[in-house]
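Below: run.cif (mmCIF, C-alpha atoms)
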```
data_start
loop_
_atom_site.label_atom_id
_atom_site.label_comp_id
_atom_site.auth_asym_id
_atom_site.auth_seq_id
_atom_site.Cartn_x
_atom_site.Cartn_y
_atom_site.Cartn_z
CA MET A 1 -8.41 12.04 -3.94
CA GLY A 2 -7.22 9.89 -1.01
CA LYS A 3 -10.45 7.89 -0.94
CA SER A 4 -10.31 7.30 -4.70
CA ILE A 5 -6.75 5.96 -4.44
CA ILE A 6 -7.70 3.61 -1.64
CA LEU A 7 -10.81 2.45 -3.54
CA TRP A 8 -8.75 1.93 -6.70
CA LEU A 9 -6.15 -0.10 -4.79
CA VAL A 10 -8.82 -2.23 -3.13
CA LEU A 11 -10.42 -2.87 -6.51
CA LEU A 12 -7.01 -3.41 -8.12
CA PHE A 13 -6.10 -6.18 -5.72
CA GLY A 14 -9.56 -7.73 -5.92
CA VAL A 15 -9.77 -8.01 -9.72
CA SER A 16 -10.05 -11.47 -11.21
CA SER A 17 -10.24 -12.65 -14.78
CA HIS A 18 -11.88 -15.56 -16.56
CA ALA A 19 -8.76 -15.78 -18.72
CA GLU A 20 -6.78 -16.72 -15.61
CA GLU A 21 -8.32 -20.18 -15.75
CA ALA A 22 -6.75 -20.85 -19.17
CA ALA A 23 -3.31 -19.46 -18.42
CA MET A 24 -0.83 -19.50 -15.57
CA ILE A 25 -0.59 -15.70 -15.52
CA THR A 26 -3.12 -14.20 -13.09
CA CYS A 27 -4.27 -10.72 -12.18
CA ASN A 28 -2.49 -11.16 -8.85
CA THR A 29 0.73 -11.78 -10.78
CA VAL A 30 0.08 -8.69 -12.90
CA VAL A 31 -0.70 -6.52 -9.87
CA ASN A 32 2.38 -7.74 -8.01
CA SER A 33 4.57 -6.99 -11.03
CA LEU A 34 3.12 -3.50 -11.41
CA THR A 35 2.94 -2.24 -7.82
CA SER A 36 6.06 -0.14 -8.40
CA CYS A 37 4.09 1.67 -11.14
CA LEU A 38 1.41 3.10 -8.83
CA SER A 39 3.14 6.46 -8.36
CA TYR A 40 3.51 6.84 -12.12
CA VAL A 41 -0.08 5.71 -12.82
CA PHE A 42 -1.51 8.24 -10.35
CA ASN A 43 0.88 11.14 -11.02
CA GLY A 44 2.23 10.71 -14.56
CA GLY A 45 5.73 11.79 -15.53
CA ALA A 46 8.40 9.22 -16.23
CA PRO A 47 7.88 5.69 -14.91
CA PRO A 48 10.65 4.59 -12.53
CA PRO A 49 13.03 1.86 -13.76
CA GLU A 50 11.58 -0.70 -11.33
CA CYS A 51 8.12 -0.04 -12.81
CA CYS A 52 9.38 -0.69 -16.35
CA ASN A 53 11.22 -3.79 -15.14
CA GLY A 54 8.04 -5.16 -13.57
CA ALA A 55 5.95 -4.33 -16.63
CA ARG A 56 8.54 -5.92 -18.93
CA SER A 57 8.67 -9.01 -16.71
CA ILE A 58 4.90 -9.56 -16.79
CA TYR A 59 4.80 -8.95 -20.56
CA ASN A 60 7.60 -11.47 -21.12
CA GLN A 61 5.77 -13.99 -18.94
CA ALA A 62 2.57 -13.43 -20.95
CA LYS A 63 4.48 -13.90 -24.23
CA ALA A 64 6.10 -17.09 -22.93
CA GLU A 65 2.64 -18.41 -22.04
CA ALA A 66 1.04 -17.22 -25.30
CA ALA A 67 -0.04 -20.71 -26.33
CA ALA A 68 -1.84 -21.11 -22.99
CA GLY A 69 -3.55 -17.73 -23.32
CA GLY A 70 -0.97 -15.60 -21.49
CA LEU A 71 -1.44 -12.48 -23.62
CA GLN A 72 -5.20 -12.86 -23.43
CA ALA A 73 -5.04 -13.21 -19.63
CA LEU A 74 -2.82 -10.12 -19.37
CA CYS A 75 -5.21 -8.24 -21.66
CA SER A 76 -8.24 -9.28 -19.60
CA CYS A 77 -6.61 -8.16 -16.38
CA LEU A 78 -5.48 -4.81 -17.83
CA LYS A 79 -8.98 -4.32 -19.29
CA SER A 80 -10.54 -4.94 -15.87
CA LEU A 81 -8.18 -2.48 -14.24
CA ALA A 82 -8.78 0.08 -17.00
CA SER A 83 -12.52 -0.11 -16.40
CA LEU A 84 -11.92 1.12 -12.83
CA ALA A 85 -9.62 3.99 -13.77
CA THR A 86 -10.24 7.71 -14.00
CA PRO A 87 -9.41 9.30 -17.38
CA ASP A 88 -6.01 10.55 -16.11
CA ILE A 89 -5.08 7.17 -14.62
CA LEU A 90 -6.20 5.44 -17.82
CA ALA A 91 -4.09 7.82 -19.96
CA ASN A 92 -1.01 7.18 -17.80
CA SER A 93 -1.62 3.42 -17.81
CA ALA A 94 -2.09 3.34 -21.57
CA ALA A 95 1.17 5.28 -22.08
CA LEU A 96 3.20 2.99 -19.80
CA PRO A 97 4.10 0.30 -22.37
CA ARG A 98 5.36 2.94 -24.84
CA LYS A 99 7.31 4.80 -22.16
CA CYS A 100 8.93 1.54 -21.06
CA GLY A 101 9.60 0.30 -24.61
CA ILE A 102 7.27 -2.70 -24.28
CA PRO A 103 5.52 -3.69 -27.53
CA ILE A 104 2.24 -5.02 -26.15
CA PRO A 105 -0.07 -5.91 -29.04
CA TYR A 106 -3.00 -3.83 -27.75
CA GLN A 107 -3.82 -0.45 -26.26
CA ILE A 108 -4.81 -0.58 -22.58
CA SER A 109 -8.49 0.31 -22.62
CA PRO A 110 -11.75 -0.75 -20.95
CA SER A 111 -13.14 -1.58 -24.41
CA ILE A 112 -10.37 -3.81 -25.80
CA ASP A 113 -11.51 -7.15 -27.27
CA CYS A 114 -9.14 -9.53 -25.50
CA SER A 115 -10.43 -12.56 -27.37
CA ARG A 116 -8.31 -11.37 -30.32
CA TYR A 117 -5.07 -12.02 -28.42
CA ARG A 118 -4.87 -15.76 -27.99
CA THR A 119 -1.33 -15.82 -29.39
CA HIS A 120 1.35 -13.20 -29.81
CA SER A 121 0.97 -10.82 -32.73
CA ARG A 122 2.78 -7.54 -33.04
CA VAL A 123 0.59 -4.46 -33.49
CA ASP A 124 1.72 -0.88 -33.96
CA LEU A 125 1.21 0.87 -30.60
CA LYS A 126 1.11 4.32 -32.20
CA GLY A 127 -2.27 3.66 -33.82
#
```

Final structure tokens representation of the file:
Amino acid sequence: MGKSIILWLVLLFGVSSHAEEAAMITCNTVVNSLTSCLSYVFNGGAPPPECCNGARSIYNQAKAEAAAGGLQALCSCLKSLASLATPDILANSAALPRKCGIPIPYQISPSIDCSRYRTHSRVDLKG
């Protein structure tokens, strides 16, 4: 398990996204905002308040930059990270927005079509 966490962290901090070029939000920004979520992502349970604050902050930044592709950049980064995750880590990551009360317009998944999220649109997260 220790090696997989280290590998995941190395990959996490090395992820880049083509959507970063079109928007000011970057995967580095996303990772920095979500570092306090690592314990939750790996272990489940309730995300700590600082995790939800960081997730809410990056979501609000993506919404504010929607016209420049902010939500698409966030989606692309989360998709890249999801593609590296184990099933348990992916399940915890996908549940984070709901647990923090953040209405992201997509489900965190390695198969999400991020090109659909050029501007903000509200989608039911329960579906």

Separation of atom CA of A:Phe42 from atom CA of A:Lys79 in Å: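 Those two atoms sit 17.1 Å apart.
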
Hits of the PyMOL selection byres ((chain A and resi 39) around 12) in this structure, as a ChimeraX atom specification: /A:5,9,34-38,40-48,50-51,89,92-93,96

Output check: residues returned by the PyMOL selection byres ((chain A and resi 83) around 12), as a CSV table (one decimal) with C-alpha atoms, keeping the file's coordinate frame:
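Output file result.csv follows:
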```csv
chain,number,residue,atom,x,y,z
A,8,TRP,CA,-8.8,1.9,-6.7
A,11,LEU,CA,-10.4,-2.9,-6.5
A,12,LEU,CA,-7.0,-3.4,-8.1
A,15,VAL,CA,-9.8,-8.0,-9.7
A,76,SER,CA,-8.2,-9.3,-19.6
A,77,CYS,CA,-6.6,-8.2,-16.4
A,78,LEU,CA,-5.5,-4.8,-17.8
A,79,LYS,CA,-9.0,-4.3,-19.3
A,80,SER,CA,-10.5,-4.9,-15.9
A,81,LEU,CA,-8.2,-2.5,-14.2
A,82,ALA,CA,-8.8,0.1,-17.0
A,84,LEU,CA,-11.9,1.1,-12.8
A,85,ALA,CA,-9.6,4.0,-13.8
A,86,THR,CA,-10.2,7.7,-14.0
A,87,PRO,CA,-9.4,9.3,-17.4
A,89,ILE,CA,-5.1,7.2,-14.6
A,90,LEU,CA,-6.2,5.4,-17.8
A,93,SER,CA,-1.6,3.4,-17.8
A,108,ILE,CA,-4.8,-0.6,-22.6
A,109,SER,CA,-8.5,0.3,-22.6
A,110,PRO,CA,-11.8,-0.8,-21.0
A,111,SER,CA,-13.1,-1.6,-24.4
A,112,ILE,CA,-10.4,-3.8,-25.8
```

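When only C-alpha atoms are used to compute distances to A:Ala91, the closest of the residues A:Asp113, A:Gln107, A:Val30, A:Asn53 turns out to be A:Gln107.
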
Atom CA of A:Ile102 to atom CA of A:Arg56, straight-line distance in Å: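 Result for atom CA of A:Arg56 versus atom CA of A:Ile102: 6.4 Å, one decimal.
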
Separation of atom CA of A:Arg118 from atom CA of A:Thr29, in Å and rounded to one decimal: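 Separation of atom CA of A:Arg118 and atom CA of A:Thr29: 18.5 Å.
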
Expected residue set, 10 Å radius at (-1.2, -13.7, -17.8), only C-alpha atoms, as number ranges by chain: A: 17, 19-30, 58-66, 68-78
